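Text of the file start-v6.pdb, holding PDB, C-alpha atoms, pLDDT in the B column:
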```
ATOM      1  CA  MET G   1       0.000   0.000   0.000  1.00 52.00           C
ATOM      2  CA  ARG G   2       1.327   3.429  -0.938  1.00 60.00           C
ATOM      3  CA  SER G   3      -0.033   6.223   1.235  1.00 63.00           C
ATOM      4  CA  ALA G   4      -0.927   9.734   0.105  1.00 68.00           C
ATOM      5  CA  ASP G   5       1.871  11.026   2.336  1.00 68.00           C
ATOM      6  CA  GLU G   6       4.433   8.846   0.567  1.00 70.00           C
ATOM      7  CA  ILE G   7       3.240  10.018  -2.844  1.00 73.00           C
ATOM      8  CA  LYS G   8       3.565  13.603  -1.636  1.00 77.00           C
ATOM      9  CA  LEU G   9       7.113  12.956  -0.438  1.00 74.00           C
ATOM     10  CA  ARG G  10       8.049  11.496  -3.812  1.00 78.00           C
ATOM     11  CA  ASP G  11       6.472  14.460  -5.583  1.00 79.00           C
ATOM     12  CA  ASN G  12       8.480  16.831  -3.394  1.00 82.00           C
ATOM     13  CA  ASP G  13      11.742  15.096  -4.316  1.00 81.00           C
ATOM     14  CA  ALA G  14      10.994  14.598  -8.018  1.00 84.00           C
ATOM     15  CA  ASN G  15      13.019  17.592  -9.209  1.00 86.00           C
ATOM     16  CA  ASN G  16      16.143  16.157  -7.559  1.00 86.00           C
ATOM     17  CA  TYR G  17      16.037  12.533  -8.748  1.00 85.00           C
ATOM     18  CA  ASP G  18      18.090  12.906 -11.933  1.00 87.00           C
ATOM     19  CA  SER G  19      20.832  14.998 -10.317  1.00 89.00           C
ATOM     20  CA  TRP G  20      21.031  12.573  -7.384  1.00 87.00           C
ATOM     21  CA  TYR G  21      21.536   9.700  -9.812  1.00 88.00           C
ATOM     22  CA  TYR G  22      24.382  11.373 -11.669  1.00 90.00           C
ATOM     23  CA  GLU G  23      26.191  12.068  -8.406  1.00 90.00           C
ATOM     24  CA  ARG G  24      27.250   8.402  -8.657  1.00 89.00           C
ATOM     25  CA  GLY G  25      29.478   9.348 -11.600  1.00 94.00           C
ATOM     26  CA  LEU G  26      28.939   9.242 -15.352  1.00 94.00           C
ATOM     27  CA  SER G  27      30.883   6.032 -15.966  1.00 96.00           C
ATOM     28  CA  ALA G  28      29.121   4.187 -13.136  1.00 95.00           C
ATOM     29  CA  VAL G  29      25.727   5.296 -14.442  1.00 95.00           C
ATOM     30  CA  LYS G  30      26.663   4.256 -17.995  1.00 96.00           C
ATOM     31  CA  ALA G  31      27.726   0.791 -16.818  1.00 96.00           C
ATOM     32  CA  GLU G  32      24.418   0.321 -15.003  1.00 96.00           C
ATOM     33  CA  ASP G  33      22.218   1.730 -17.784  1.00 96.00           C
ATOM     34  CA  GLU G  34      23.838  -0.226 -20.596  1.00 97.00           C
ATOM     35  CA  THR G  35      23.698  -3.470 -18.619  1.00 97.00           C
ATOM     36  CA  VAL G  36      19.972  -2.992 -18.015  1.00 97.00           C
ATOM     37  CA  ILE G  37      19.247  -2.049 -21.632  1.00 96.00           C
ATOM     38  CA  GLY G  38      21.274  -4.989 -22.939  1.00 96.00           C
ATOM     39  CA  LYS G  39      19.393  -7.466 -20.755  1.00 96.00           C
ATOM     40  CA  LEU G  40      16.059  -6.162 -22.089  1.00 96.00           C
ATOM     41  CA  GLU G  41      17.033  -7.582 -25.511  1.00 94.00           C
ATOM     42  CA  PHE G  42      15.046  -5.203 -27.684  1.00 92.00           C
ATOM     43  CA  LEU G  43      14.696  -6.519 -31.229  1.00 87.00           C
ATOM     44  CA  GLU G  44      15.949  -4.149 -33.918  1.00 83.00           C
ATOM     45  CA  ASN G  45      13.446  -3.030 -36.554  1.00 79.00           C
ATOM     46  CA  THR G  46      10.644  -4.681 -34.574  1.00 82.00           C
ATOM     47  CA  GLU G  47       7.761  -2.862 -32.951  1.00 84.00           C
ATOM     48  CA  GLN G  48       7.559  -3.841 -29.299  1.00 90.00           C
ATOM     49  CA  LYS G  49       5.672  -2.506 -26.309  1.00 92.00           C
ATOM     50  CA  PHE G  50       7.807  -1.601 -23.292  1.00 94.00           C
ATOM     51  CA  LEU G  51       6.680  -0.675 -19.777  1.00 93.00           C
ATOM     52  CA  ASP G  52       8.978   1.125 -17.324  1.00 93.00           C
ATOM     53  CA  PHE G  53       7.285   0.083 -14.080  1.00 92.00           C
ATOM     54  CA  GLY G  54       8.245   2.698 -11.497  1.00 90.00           C
ATOM     55  CA  CYS G  55       9.829   5.041 -14.028  1.00 89.00           C
ATOM     56  CA  GLY G  56      10.219   8.038 -11.728  1.00 87.00           C
ATOM     57  CA  THR G  57      11.183  11.081 -13.774  1.00 88.00           C
ATOM     58  CA  GLY G  58      12.117   8.889 -16.711  1.00 88.00           C
ATOM     59  CA  ARG G  59      15.880   9.329 -16.871  1.00 91.00           C
ATOM     60  CA  LEU G  60      16.319   5.793 -18.226  1.00 92.00           C
ATOM     61  CA  THR G  61      12.919   5.718 -19.960  1.00 91.00           C
ATOM     62  CA  VAL G  62      14.001   8.538 -22.270  1.00 89.00           C
ATOM     63  CA  LYS G  63      17.377   6.915 -22.914  1.00 91.00           C
ATOM     64  CA  ILE G  64      15.689   3.647 -23.930  1.00 92.00           C
ATOM     65  CA  LYS G  65      13.338   5.483 -26.278  1.00 89.00           C
ATOM     66  CA  ASP G  66      16.250   7.390 -27.824  1.00 88.00           C
ATOM     67  CA  GLN G  67      18.199   4.175 -28.433  1.00 91.00           C
ATOM     68  CA  HIS G  68      15.195   2.218 -29.682  1.00 90.00           C
ATOM     69  CA  PRO G  69      12.820   4.670 -31.394  1.00 87.00           C
ATOM     70  CA  GLN G  70      10.811   1.828 -32.944  1.00 88.00           C
ATOM     71  CA  ILE G  71       9.368   0.650 -29.607  1.00 90.00           C
ATOM     72  CA  ASP G  72       6.184   1.900 -27.956  1.00 88.00           C
ATOM     73  CA  VAL G  73       7.173   3.107 -24.475  1.00 88.00           C
ATOM     74  CA  PHE G  74       4.941   3.389 -21.428  1.00 87.00           C
ATOM     75  CA  GLY G  75       6.143   4.991 -18.195  1.00 85.00           C
ATOM     76  CA  LEU G  76       4.282   4.267 -14.980  1.00 86.00           C
ATOM     77  CA  ASP G  77       4.785   5.715 -11.499  1.00 86.00           C
ATOM     78  CA  ILE G  78       2.867   6.621  -8.343  1.00 82.00           C
ATOM     79  CA  SER G  79       4.191  10.205  -8.413  1.00 82.00           C
ATOM     80  CA  PRO G  80       2.219  12.601 -10.662  1.00 81.00           C
ATOM     81  CA  LYS G  81       5.022  15.180 -10.404  1.00 84.00           C
ATOM     82  CA  SER G  82       7.530  12.641 -11.716  1.00 85.00           C
ATOM     83  CA  ILE G  83       5.262  11.862 -14.662  1.00 82.00           C
ATOM     84  CA  ASP G  84       4.951  15.596 -15.412  1.00 83.00           C
ATOM     85  CA  ILE G  85       8.746  15.907 -15.520  1.00 85.00           C
ATOM     86  CA  LEU G  86       8.967  12.890 -17.822  1.00 84.00           C
ATOM     87  CA  ASN G  87       6.350  14.326 -20.183  1.00 81.00           C
ATOM     88  CA  ALA G  88       8.262  17.606 -20.330  1.00 82.00           C
ATOM     89  CA  LYS G  89      11.433  15.758 -21.374  1.00 79.00           C
ATOM     90  CA  ASN G  90       9.967  13.889 -24.305  1.00 68.00           C
ATOM     91  CA  LYS G  91       6.468  14.305 -25.697  1.00 65.00           C
ATOM     92  CA  ASN G  92       6.738  11.053 -27.672  1.00 62.00           C
ATOM     93  CA  ILE G  93       6.816   8.878 -24.550  1.00 64.00           C
ATOM     94  CA  ILE G  94       3.435   7.505 -23.505  1.00 64.00           C
ATOM     95  CA  THR G  95       3.041   7.813 -19.727  1.00 57.00           C
ATOM     96  CA  LYS G  96       0.372   7.126 -17.130  1.00 57.00           C
ATOM     97  CA  THR G  97       0.326   7.620 -13.388  1.00 51.00           C
ATOM     98  CA  PHE G  98      -0.219   4.535 -11.268  1.00 59.00           C
ATOM     99  CA  ASP G  99      -1.373   4.761  -7.663  1.00 51.00           C
ATOM    100  CA  ALA G 100      -0.302   1.408  -6.219  1.00 50.00           C
ATOM    101  CA  SER G 101      -2.396   1.958  -3.104  1.00 44.00           C
ATOM    102  CA  LYS G 102      -5.638   1.887  -5.101  1.00 54.00           C
ATOM    103  CA  ASP G 103      -5.252   0.172  -8.447  1.00 56.00           C
ATOM    104  CA  LYS G 104      -3.716  -2.837 -10.108  1.00 58.00           C
ATOM    105  CA  ILE G 105      -2.039  -2.558 -13.489  1.00 59.00           C
ATOM    106  CA  GLU G 106      -4.512  -4.909 -15.111  1.00 58.00           C
ATOM    107  CA  LEU G 107      -7.353  -2.532 -14.223  1.00 60.00           C
ATOM    108  CA  LEU G 108      -5.811   0.234 -16.320  1.00 65.00           C
ATOM    109  CA  ASP G 109      -6.179   0.603 -20.070  1.00 69.00           C
ATOM    110  CA  PHE G 110      -2.864  -1.041 -20.921  1.00 74.00           C
ATOM    111  CA  PRO G 111      -1.922  -3.617 -23.542  1.00 82.00           C
ATOM    112  CA  LYS G 112       0.269  -6.610 -22.858  1.00 91.00           C
ATOM    113  CA  PHE G 113       3.957  -5.763 -22.997  1.00 94.00           C
ATOM    114  CA  ASP G 114       6.886  -7.447 -24.724  1.00 96.00           C
ATOM    115  CA  ARG G 115       9.372  -5.973 -22.237  1.00 97.00           C
ATOM    116  CA  ILE G 116       8.893  -4.728 -18.675  1.00 97.00           C
ATOM    117  CA  LEU G 117      11.500  -3.051 -16.461  1.00 97.00           C
ATOM    118  CA  SER G 118      11.289  -2.472 -12.710  1.00 96.00           C
ATOM    119  CA  MET G 119      14.448  -0.613 -11.714  1.00 94.00           C
ATOM    120  CA  GLN G 120      15.163  -0.198  -8.000  1.00 90.00           C
ATOM    121  CA  MET G 121      11.465  -0.082  -7.132  1.00 88.00           C
ATOM    122  CA  ILE G 122      10.431  -3.406  -5.608  1.00 89.00           C
ATOM    123  CA  GLN G 123      12.961  -3.071  -2.770  1.00 85.00           C
ATOM    124  CA  HIS G 124      10.776  -0.237  -1.423  1.00 81.00           C
ATOM    125  CA  LEU G 125       7.742  -2.523  -1.072  1.00 81.00           C
ATOM    126  CA  GLU G 126       6.825  -4.671   1.897  1.00 80.00           C
ATOM    127  CA  LYS G 127       6.478  -8.407   1.248  1.00 84.00           C
ATOM    128  CA  LYS G 128       2.815  -8.327   0.197  1.00 86.00           C
ATOM    129  CA  GLY G 129       3.400  -5.363  -2.103  1.00 83.00           C
ATOM    130  CA  ALA G 130       6.451  -7.007  -3.674  1.00 89.00           C
ATOM    131  CA  ILE G 131       4.487 -10.198  -4.346  1.00 92.00           C
ATOM    132  CA  ASN G 132       1.648  -8.210  -5.921  1.00 89.00           C
ATOM    133  CA  ALA G 133       4.069  -6.232  -8.090  1.00 90.00           C
ATOM    134  CA  ILE G 134       5.857  -9.339  -9.384  1.00 95.00           C
ATOM    135  CA  ASN G 135       2.557 -11.007 -10.231  1.00 94.00           C
ATOM    136  CA  GLU G 136       1.257  -7.881 -11.976  1.00 91.00           C
ATOM    137  CA  ILE G 137       4.447  -7.859 -14.044  1.00 94.00           C
ATOM    138  CA  HIS G 138       3.829 -11.521 -14.960  1.00 95.00           C
ATOM    139  CA  ASN G 139       0.190 -10.853 -15.822  1.00 92.00           C
ATOM    140  CA  GLN G 140       1.017  -7.918 -18.117  1.00 92.00           C
ATOM    141  CA  LEU G 141       3.892  -9.646 -19.909  1.00 95.00           C
ATOM    142  CA  GLN G 142       3.325 -11.188 -23.328  1.00 94.00           C
ATOM    143  CA  GLU G 143       4.076 -14.864 -23.818  1.00 95.00           C
ATOM    144  CA  GLY G 144       7.720 -14.978 -24.841  1.00 94.00           C
ATOM    145  CA  GLY G 145       8.333 -11.603 -23.217  1.00 96.00           C
ATOM    146  CA  VAL G 146      11.188 -10.519 -20.944  1.00 97.00           C
ATOM    147  CA  ALA G 147      10.859  -8.751 -17.589  1.00 98.00           C
ATOM    148  CA  ILE G 148      13.799  -7.201 -15.758  1.00 98.00           C
ATOM    149  CA  ILE G 149      13.899  -6.437 -12.043  1.00 97.00           C
ATOM    150  CA  GLU G 150      16.941  -4.550 -10.786  1.00 96.00           C
ATOM    151  CA  LEU G 151      17.587  -4.302  -7.042  1.00 94.00           C
ATOM    152  CA  TYR G 152      20.342  -3.431  -4.598  1.00 91.00           C
ATOM    153  CA  ASN G 153      22.618  -6.457  -4.307  1.00 91.00           C
ATOM    154  CA  TYR G 154      22.856  -7.514  -0.671  1.00 86.00           C
ATOM    155  CA  ASN G 155      25.524 -10.129  -1.377  1.00 86.00           C
ATOM    156  CA  GLY G 156      27.532  -8.219  -3.972  1.00 89.00           C
ATOM    157  CA  LEU G 157      31.212  -7.640  -3.252  1.00 88.00           C
ATOM    158  CA  ASN G 158      30.812  -3.872  -3.529  1.00 84.00           C
ATOM    159  CA  ARG G 159      27.950  -3.961  -1.013  1.00 80.00           C
ATOM    160  CA  ILE G 160      29.974  -6.091   1.378  1.00 80.00           C
ATOM    161  CA  LEU G 161      32.648  -3.407   1.337  1.00 78.00           C
ATOM    162  CA  GLU G 162      29.929  -0.825   2.032  1.00 74.00           C
ATOM    163  CA  ARG G 163      28.679  -2.876   4.967  1.00 73.00           C
ATOM    164  CA  ILE G 164      32.180  -3.046   6.420  1.00 77.00           C
ATOM    165  CA  ARG G 165      32.586   0.715   6.140  1.00 75.00           C
ATOM    166  CA  SER G 166      29.139   1.331   7.650  1.00 70.00           C
ATOM    167  CA  LEU G 167      29.702  -1.132  10.538  1.00 71.00           C
ATOM    168  CA  GLY G 168      27.030  -3.486   9.188  1.00 61.00           C
ATOM    169  CA  LYS G 169      24.169  -0.985   9.076  1.00 62.00           C
ATOM    170  CA  ILE G 170      23.505  -1.694   5.420  1.00 56.00           C
ATOM    171  CA  LYS G 171      22.328  -5.191   6.400  1.00 53.00           C
ATOM    172  CA  LYS G 172      19.272  -3.849   8.142  1.00 49.00           C
ATOM    173  CA  ILE G 173      15.931  -2.759   6.754  1.00 51.00           C
ATOM    174  CA  GLN G 174      16.331   0.957   6.220  1.00 49.00           C
ATOM    175  CA  THR G 175      13.537   3.446   6.839  1.00 52.00           C
ATOM    176  CA  ASN G 176      13.569   7.049   5.742  1.00 52.00           C
ATOM    177  CA  GLY G 177      10.319   8.831   6.436  1.00 51.00           C
ATOM    178  CA  LEU G 178       7.698   6.549   4.913  1.00 48.00           C
ATOM    179  CA  PHE G 179      10.017   4.755   2.493  1.00 58.00           C
ATOM    180  CA  PHE G 180      10.923   1.122   3.081  1.00 60.00           C
ATOM    181  CA  GLU G 181      14.126  -0.380   1.789  1.00 68.00           C
ATOM    182  CA  TYR G 182      14.571  -4.134   1.877  1.00 73.00           C
ATOM    183  CA  ARG G 183      17.856  -5.848   1.066  1.00 75.00           C
ATOM    184  CA  TYR G 184      17.749  -9.101  -0.910  1.00 86.00           C
ATOM    185  CA  ASP G 185      20.644 -11.210  -2.002  1.00 88.00           C
ATOM    186  CA  SER G 186      20.422 -12.560  -5.530  1.00 91.00           C
ATOM    187  CA  ASP G 187      19.718 -16.209  -4.661  1.00 92.00           C
ATOM    188  CA  GLU G 188      17.195 -15.217  -2.012  1.00 92.00           C
ATOM    189  CA  PHE G 189      15.302 -13.020  -4.479  1.00 94.00           C
ATOM    190  CA  LYS G 190      15.214 -15.736  -7.145  1.00 95.00           C
ATOM    191  CA  ALA G 191      13.719 -18.162  -4.594  1.00 94.00           C
ATOM    192  CA  PHE G 192      11.245 -15.460  -3.528  1.00 95.00           C
ATOM    193  CA  VAL G 193      10.035 -14.965  -7.121  1.00 96.00           C
ATOM    194  CA  ILE G 194       9.705 -18.714  -7.806  1.00 96.00           C
ATOM    195  CA  LYS G 195       7.766 -19.255  -4.568  1.00 96.00           C
ATOM    196  CA  ASN G 196       5.372 -16.335  -5.022  1.00 96.00           C
ATOM    197  CA  SER G 197       4.754 -16.090  -8.780  1.00 96.00           C
ATOM    198  CA  ASP G 198       4.400 -18.110 -11.970  1.00 95.00           C
ATOM    199  CA  PHE G 199       7.845 -17.112 -13.217  1.00 96.00           C
ATOM    200  CA  THR G 200      10.113 -20.157 -13.499  1.00 94.00           C
ATOM    201  CA  ASP G 201      12.717 -19.050 -16.071  1.00 96.00           C
ATOM    202  CA  ILE G 202      14.879 -16.648 -14.035  1.00 97.00           C
ATOM    203  CA  SER G 203      18.540 -15.741 -14.507  1.00 97.00           C
ATOM    204  CA  ILE G 204      20.499 -13.428 -12.206  1.00 97.00           C
ATOM    205  CA  PHE G 205      23.408 -11.177 -13.194  1.00 97.00           C
ATOM    206  CA  GLY G 206      25.451  -8.508 -11.460  1.00 96.00           C
ATOM    207  CA  CYS G 207      25.258  -4.886 -12.516  1.00 96.00           C
ATOM    208  CA  GLN G 208      27.865  -2.163 -11.981  1.00 95.00           C
ATOM    209  CA  ASN G 209      30.375  -4.723 -10.831  1.00 96.00           C
ATOM    210  CA  ILE G 210      33.432  -2.504 -10.498  1.00 95.00           C
ATOM    211  CA  SER G 211      33.799  -0.022  -7.649  1.00 92.00           C
ATOM    212  CA  ARG G 212      32.397   3.391  -8.579  1.00 92.00           C
ATOM    213  CA  ARG G 213      35.622   4.992  -7.452  1.00 92.00           C
ATOM    214  CA  TRP G 214      37.636   3.034 -10.017  1.00 95.00           C
ATOM    215  CA  ILE G 215      35.181   2.987 -12.887  1.00 96.00           C
ATOM    216  CA  ASN G 216      34.708   6.765 -12.677  1.00 96.00           C
ATOM    217  CA  LYS G 217      38.471   7.327 -12.469  1.00 96.00           C
ATOM    218  CA  PHE G 218      39.151   5.010 -15.420  1.00 97.00           C
ATOM    219  CA  PRO G 219      36.141   5.162 -17.810  1.00 97.00           C
ATOM    220  CA  PHE G 220      37.582   2.461 -20.099  1.00 97.00           C
ATOM    221  CA  LEU G 221      36.620  -0.012 -17.350  1.00 97.00           C
ATOM    222  CA  VAL G 222      32.956   0.364 -18.416  1.00 97.00           C
ATOM    223  CA  THR G 223      33.611  -2.096 -21.248  1.00 97.00           C
ATOM    224  CA  PHE G 224      35.050  -4.626 -18.806  1.00 97.00           C
ATOM    225  CA  ASP G 225      32.130  -4.062 -16.424  1.00 97.00           C
ATOM    226  CA  LEU G 226      29.620  -4.807 -19.196  1.00 97.00           C
ATOM    227  CA  TRP G 227      31.572  -7.966 -20.100  1.00 97.00           C
ATOM    228  CA  LEU G 228      31.441  -9.159 -16.480  1.00 97.00           C
ATOM    229  CA  SER G 229      27.647  -8.797 -16.465  1.00 97.00           C
ATOM    230  CA  LYS G 230      27.359 -11.467 -19.152  1.00 96.00           C
ATOM    231  CA  PHE G 231      28.224 -14.119 -16.575  1.00 96.00           C
ATOM    232  CA  ASN G 232      26.025 -15.515 -13.827  1.00 94.00           C
ATOM    233  CA  LEU G 233      28.948 -15.301 -11.407  1.00 94.00           C
ATOM    234  CA  SER G 234      28.683 -11.505 -11.557  1.00 96.00           C
ATOM    235  CA  LYS G 235      25.680 -11.711  -9.200  1.00 95.00           C
ATOM    236  CA  TYR G 236      28.256 -11.861  -6.406  1.00 94.00           C
ATOM    237  CA  LEU G 237      30.028  -8.697  -7.580  1.00 94.00           C
ATOM    238  CA  GLY G 238      27.663  -5.876  -8.434  1.00 93.00           C
ATOM    239  CA  TYR G 239      26.217  -2.935  -6.566  1.00 93.00           C
ATOM    240  CA  TYR G 240      22.958  -4.201  -8.070  1.00 94.00           C
ATOM    241  CA  PHE G 241      21.666  -7.474  -9.424  1.00 96.00           C
ATOM    242  CA  ILE G 242      19.360  -7.951 -12.381  1.00 97.00           C
ATOM    243  CA  ALA G 243      16.747 -10.688 -12.447  1.00 97.00           C
ATOM    244  CA  VAL G 244      15.952 -11.614 -16.059  1.00 98.00           C
ATOM    245  CA  MET G 245      12.545 -13.320 -16.062  1.00 97.00           C
ATOM    246  CA  ARG G 246      11.042 -14.886 -19.168  1.00 97.00           C
ATOM    247  CA  LYS G 247       7.421 -15.867 -19.708  1.00 94.00           C
TER     248      LYS G 247
END
```
Represent the structure of the file as structure tokens.
Amino acid sequence: MRSADEIKLRDNDANNYDSWYYERGLSAVKAEDETVIGKLEFLENTEQKFLDFGCGTGRLTVKIKDQHPQIDVFGLDISPKSIDILNAKNKNIITKTFDASKDKIELLDFPKFDRILSMQMIQHLEKKGAINAINEIHNQLQEGGVAIIELYNYNGLNRILERIRSLGKIKKIQTNGLFFEYRYDSDEFKAFVIKNSDFTDISIFGCQNISRRWINKFPFLVTFDLWLSKFNLSKYLGYYFIAVMRK
């Protein structure tokens, strides 16, 4: 359930989201973005419908549309202010607001999608909300479609180093105002999806595998980072992990 207060908080922060993201460094952001886009496996010269589920202000939504102009893009978020910012960036992107406290995706006037992305969104949902979100993603995905869920990687090497520096605090459920933040490790999340949804074909990969400090200092490492994300073993490296789920 997403409260009106939480939606208001997200609206209040919407103008800052893009700048906050780029504070991580341009090379680190590029490594993450290109890993996500690559895993979505858009087909060239083929019309496909894509849903960015929890798109925020659409930083990545716009980038995907720019790289793949042939696809039909839908952006969906609980924050009306974020949707307004996205619409101002690119009038060709189809967007709708989605109030997760009241509606389900299947109740809205949406088609089935060939590709669905949920980027760093489900970790802010309690267990029931996460289960509902994963099942809504499955319901709205075309047969043969691909869904991507990206989350903070609780068992990634870079996160372990963070936990050491923060005296273990990163292990705990974080709360900031009304926002939840749950930490999953990659194997735990795969088991969670299999137990609570109809997804059975799930592969996990690391994302942004090299320390931000080094990848921003030496941008050529982006290529190596993207290469690492081709291998399942990378799920033990990255700041994030990506669950690639096929229907």
Can you turn the PyMOL selection byres ((chain G and resi 120) around 10) into a concrete residue list for this file, as a compact mmCIF listing (two decimals) with C-alpha atoms, in the coordinates of the input?
```txt
# COMPACT_ATOMS: atom_id res chain seq x y z
CA PHE G 53 7.28 0.08 -14.08
CA GLY G 54 8.24 2.70 -11.50
CA CYS G 55 9.83 5.04 -14.03
CA LEU G 117 11.50 -3.05 -16.46
CA SER G 118 11.29 -2.47 -12.71
CA MET G 119 14.45 -0.61 -11.71
CA MET G 121 11.46 -0.08 -7.13
CA ILE G 122 10.43 -3.41 -5.61
CA GLN G 123 12.96 -3.07 -2.77
CA HIS G 124 10.78 -0.24 -1.42
CA ILE G 149 13.90 -6.44 -12.04
CA GLU G 150 16.94 -4.55 -10.79
CA LEU G 151 17.59 -4.30 -7.04
CA TYR G 152 20.34 -3.43 -4.60
CA GLU G 181 14.13 -0.38 1.79
CA TYR G 240 22.96 -4.20 -8.07
CA PHE G 241 21.67 -7.47 -9.42
CA ILE G 242 19.36 -7.95 -12.38
```
Translate the PyMOL selection byres ((chain G and resi 32) around 12), as applied to the file shown, into an explicit residue set as an mmCIF file with C-alpha atoms, keeping the file's coordinate frame.
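Wrote it out as expr.cif, contents follow:
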```cif
data_model
loop_
_atom_site.group_PDB
_atom_site.id
_atom_site.type_symbol
_atom_site.label_atom_id
_atom_site.label_comp_id
_atom_site.auth_asym_id
_atom_site.auth_seq_id
_atom_site.Cartn_x
_atom_site.Cartn_y
_atom_site.Cartn_z
ATOM 1 C CA TYR G 21 21.536 9.700 -9.812
ATOM 2 C CA TYR G 22 24.382 11.373 -11.669
ATOM 3 C CA ARG G 24 27.250 8.402 -8.657
ATOM 4 C CA GLY G 25 29.478 9.348 -11.600
ATOM 5 C CA LEU G 26 28.939 9.242 -15.352
ATOM 6 C CA SER G 27 30.883 6.032 -15.966
ATOM 7 C CA ALA G 28 29.121 4.187 -13.136
ATOM 8 C CA VAL G 29 25.727 5.296 -14.442
ATOM 9 C CA LYS G 30 26.663 4.256 -17.995
ATOM 10 C CA ALA G 31 27.726 0.791 -16.818
ATOM 11 C CA ASP G 33 22.218 1.730 -17.784
ATOM 12 C CA GLU G 34 23.838 -0.226 -20.596
ATOM 13 C CA THR G 35 23.698 -3.470 -18.619
ATOM 14 C CA VAL G 36 19.972 -2.992 -18.015
ATOM 15 C CA ILE G 37 19.247 -2.049 -21.632
ATOM 16 C CA GLY G 38 21.274 -4.989 -22.939
ATOM 17 C CA LYS G 39 19.393 -7.466 -20.755
ATOM 18 C CA LEU G 60 16.319 5.793 -18.226
ATOM 19 C CA MET G 119 14.448 -0.613 -11.714
ATOM 20 C CA GLN G 120 15.163 -0.198 -8.000
ATOM 21 C CA GLU G 150 16.941 -4.550 -10.786
ATOM 22 C CA LEU G 151 17.587 -4.302 -7.042
ATOM 23 C CA TYR G 152 20.342 -3.431 -4.598
ATOM 24 C CA PHE G 205 23.408 -11.177 -13.194
ATOM 25 C CA GLY G 206 25.451 -8.508 -11.460
ATOM 26 C CA CYS G 207 25.258 -4.886 -12.516
ATOM 27 C CA GLN G 208 27.865 -2.163 -11.981
ATOM 28 C CA ASN G 209 30.375 -4.723 -10.831
ATOM 29 C CA ILE G 210 33.432 -2.504 -10.498
ATOM 30 C CA SER G 211 33.799 -0.022 -7.649
ATOM 31 C CA ARG G 212 32.397 3.391 -8.579
ATOM 32 C CA ILE G 215 35.181 2.987 -12.887
ATOM 33 C CA VAL G 222 32.956 0.364 -18.416
ATOM 34 C CA THR G 223 33.611 -2.096 -21.248
ATOM 35 C CA ASP G 225 32.130 -4.062 -16.424
ATOM 36 C CA LEU G 226 29.620 -4.807 -19.196
ATOM 37 C CA LEU G 228 31.441 -9.159 -16.480
ATOM 38 C CA SER G 229 27.647 -8.797 -16.465
ATOM 39 C CA GLY G 238 27.663 -5.876 -8.434
ATOM 40 C CA TYR G 239 26.217 -2.935 -6.566
ATOM 41 C CA TYR G 240 22.958 -4.201 -8.070
ATOM 42 C CA PHE G 241 21.666 -7.474 -9.424
ATOM 43 C CA ILE G 242 19.360 -7.951 -12.381
#
```
Within-10 Å shell of (-0.6, -11.7, -22.7) in input frame, all atoms listed in the file, as an mmCIF file with C-alpha atoms, in the frame of the given file:
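Output file selection_10.cif is given in full below:
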```cif
data_model
loop_
_atom_site.group_PDB
_atom_site.id
_atom_site.type_symbol
_atom_site.label_atom_id
_atom_site.label_comp_id
_atom_site.auth_asym_id
_atom_site.auth_seq_id
_atom_site.Cartn_x
_atom_site.Cartn_y
_atom_site.Cartn_z
ATOM 1 C CA PRO G 111 -1.922 -3.617 -23.542
ATOM 2 C CA LYS G 112 0.269 -6.610 -22.858
ATOM 3 C CA PHE G 113 3.957 -5.763 -22.997
ATOM 4 C CA ASP G 114 6.886 -7.447 -24.724
ATOM 5 C CA HIS G 138 3.829 -11.521 -14.960
ATOM 6 C CA ASN G 139 0.190 -10.853 -15.822
ATOM 7 C CA GLN G 140 1.017 -7.918 -18.117
ATOM 8 C CA LEU G 141 3.892 -9.646 -19.909
ATOM 9 C CA GLN G 142 3.325 -11.188 -23.328
ATOM 10 C CA GLU G 143 4.076 -14.864 -23.818
ATOM 11 C CA GLY G 144 7.720 -14.978 -24.841
ATOM 12 C CA GLY G 145 8.333 -11.603 -23.217
ATOM 13 C CA LYS G 247 7.421 -15.867 -19.708
#
```
Could you tell me which residues the PyMOL selection byres ((chain G and resi 155-161) around 6) grabs in this file, written as an mmCIF file with C-alpha atoms, in the frame of the given file?
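out.cif, freshly written:
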```
data_model
loop_
_atom_site.group_PDB
_atom_site.id
_atom_site.type_symbol
_atom_site.label_atom_id
_atom_site.label_comp_id
_atom_site.auth_asym_id
_atom_site.auth_seq_id
_atom_site.Cartn_x
_atom_site.Cartn_y
_atom_site.Cartn_z
ATOM 1 C CA ASN G 153 22.618 -6.457 -4.307
ATOM 2 C CA TYR G 154 22.856 -7.514 -0.671
ATOM 3 C CA GLU G 162 29.929 -0.825 2.032
ATOM 4 C CA ARG G 163 28.679 -2.876 4.967
ATOM 5 C CA ILE G 164 32.180 -3.046 6.420
ATOM 6 C CA ASP G 185 20.644 -11.210 -2.002
ATOM 7 C CA TYR G 236 28.256 -11.861 -6.406
ATOM 8 C CA LEU G 237 30.028 -8.697 -7.580
ATOM 9 C CA GLY G 238 27.663 -5.876 -8.434
ATOM 10 C CA TYR G 239 26.217 -2.935 -6.566
#
```
Report the distance between atom CA of Lys8 of chain G and atom CA of Asn135 of chain G in Å, rounded to one decimal place. 26.1 Å
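Counting only C-alpha atoms, the residue from G:Leu125, G:Val244, G:Ile202, G:Val73 that sits nearest to Leu51 of chain G is G:Val73.
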